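Peer 1: My structure is below; once you've seen it, I'll send some questions.
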Amino acid sequence: MLPVQIIVGSMLGASEYVADELAATLENAGHSATIHLQPDLSNIPQEGLWIICTSTHGAGDLPDNIQPFSEQLADQDLYAVKFSVVGLGDTSYDTFCYGAKQMQKLLSDNKAQLVREPVHIDVLEFPIPEEAAVEWLNNWIEENPDLV
């Protein structure tokens with residue numbers, strides 16, 4: 001089955017919990033999943049699928065741990081990368097899920113292929129964001145077991 005790289009951007013840990021649940025769901029469906037908490041482009045295969053799982057910090061910024069990775073993506077030819085995005089945010093801020101949207105734009109601008117519409121999870125509506133993320137992933141797996 002398809003190898004999946006889960007690339008995490010997290011300040012307070014919520015995205016890490018979501019990534020853990022996504023990995024377990026993928027593995028239960030027969031896919032291999034690797035979580036990258038300190039993502040580095042040189043250590044992440046471009047084959048398979050990337051799921052970017054990130055929160056937004058401060059005034060619409062990416063979390064500290066994923067900022068260097070986002071800088072590595074600039075001016076890369078990512079034509080071989082297939083990806084989707086799980087964003088965590090709070091709709092009471094006008095920068096709701098801006099980190100996830102920023103990562104999506106960066107990947108798309110560098111020719112990566114978006115293969116599933118992203119999910120933007122409002123933590124005010126879903127205080128346990130893992131549940132919404134797993135539901136999104138299960139729907140994807142049900143619709144397309146190969147995820148591409």
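Residues are named by chain letter and number: chains run A, B, ... in the order of the structure tokens, numbers start at 1 in each chain, and ligands are numbered from 1 in the order shown.
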Counting only C-alpha atoms, what is within 9 Å of region 22-33 of chain A, bar same-chain residues fewer than 2 positions away, as a list in words?

Peer 2: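 Everything that qualifies: Met1, Leu2, Pro3, Val4, Gln5, Ile6, Tyr17, Val18, Ala19, Asp20, Ile35, Glu130, Ala133, Val134, Leu137, Asn138, Ile141, Pro145 and Asp146 of chain A.
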
Peer 1: Give me a file of those residues, with C-alpha atoms, as a CSV table (one decimal), in the first residue's frame.

Peer 2:
chain,number,residue,atom,x,y,z
A,1,MET,CA,0.0,0.0,0.0
A,2,LEU,CA,0.9,3.6,-0.2
A,3,PRO,CA,3.6,5.0,2.1
A,4,VAL,CA,2.4,8.2,3.8
A,5,GLN,CA,4.6,10.9,5.4
A,6,ILE,CA,2.8,12.9,8.1
A,17,TYR,CA,-2.1,14.0,18.8
A,18,VAL,CA,-3.9,14.4,15.4
A,19,ALA,CA,-0.9,13.0,13.6
A,20,ASP,CA,-0.8,10.0,15.9
A,35,ILE,CA,5.4,11.0,11.5
A,130,GLU,CA,-8.4,14.0,16.3
A,133,ALA,CA,-9.4,14.5,11.3
A,134,VAL,CA,-9.9,10.7,11.6
A,137,LEU,CA,-9.3,10.4,6.6
A,138,ASN,CA,-11.8,7.5,6.9
A,141,ILE,CA,-10.0,5.8,2.5
A,145,PRO,CA,-8.5,3.0,-0.6
A,146,ASP,CA,-5.3,3.9,-2.5

Peer 1: So that I can check the surroundings of His57 (chain A), please list as a list of chain:residue names every protein, DNA and RNA residue that reaches within 9 Å of it, counting only C-alpha atoms and ignoring chain neighbours fewer than 4 positions away.

Peer 2: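 Final neighbour list, sorted by chain and number: A:Ser10, A:Met11, A:Asp61, A:Leu62, A:Pro63, A:Asp64, A:Gly89, A:Tyr98, A:Gly99.
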
Peer 1: Give me, as a list of chain:residue names, all polymer residues having an atom no more than 10 Å from Leu124 (chain A), counting only C-alpha atoms and skipping those fewer than 2 positions away in the same chain.

Peer 2: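 Using only C-alpha atoms, the neighbours found are A:Gly89, A:Asp90, A:Thr91, A:Ser92, A:Ile121, A:Asp122, A:Phe126, A:Pro127, A:Ile128, A:Pro129.
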
Peer 1: Could you write those residues out with C-alpha atoms, as a PDB file, in the first residue's frame?

Peer 2:
ATOM      1  CA  GLY A  89      -7.321  26.537  14.185  1.00  0.00           C
ATOM      2  CA  ASP A  90      -9.767  28.722  16.039  1.00  0.00           C
ATOM      3  CA  THR A  91     -12.425  30.588  14.061  1.00  0.00           C
ATOM      4  CA  SER A  92     -12.443  33.401  16.587  1.00  0.00           C
ATOM      5  CA  ILE A 121     -10.735  21.912  11.945  1.00  0.00           C
ATOM      6  CA  ASP A 122     -12.158  24.549  14.252  1.00  0.00           C
ATOM      7  CA  PHE A 126     -14.242  20.087  17.750  1.00  0.00           C
ATOM      8  CA  PRO A 127     -12.453  20.273  21.126  1.00  0.00           C
ATOM      9  CA  ILE A 128     -10.957  16.861  20.310  1.00  0.00           C
ATOM     10  CA  PRO A 129      -9.685  17.606  16.788  1.00  0.00           C
TER      11      PRO A 129
END

Peer 1: Hey, what does DSSP flag as helix (DSSP H, G or I) within chain A? Can you give it to me as a ChimeraX atom specification?

Peer 2: /A:14-28,41-43,67-73,98-109,129-143
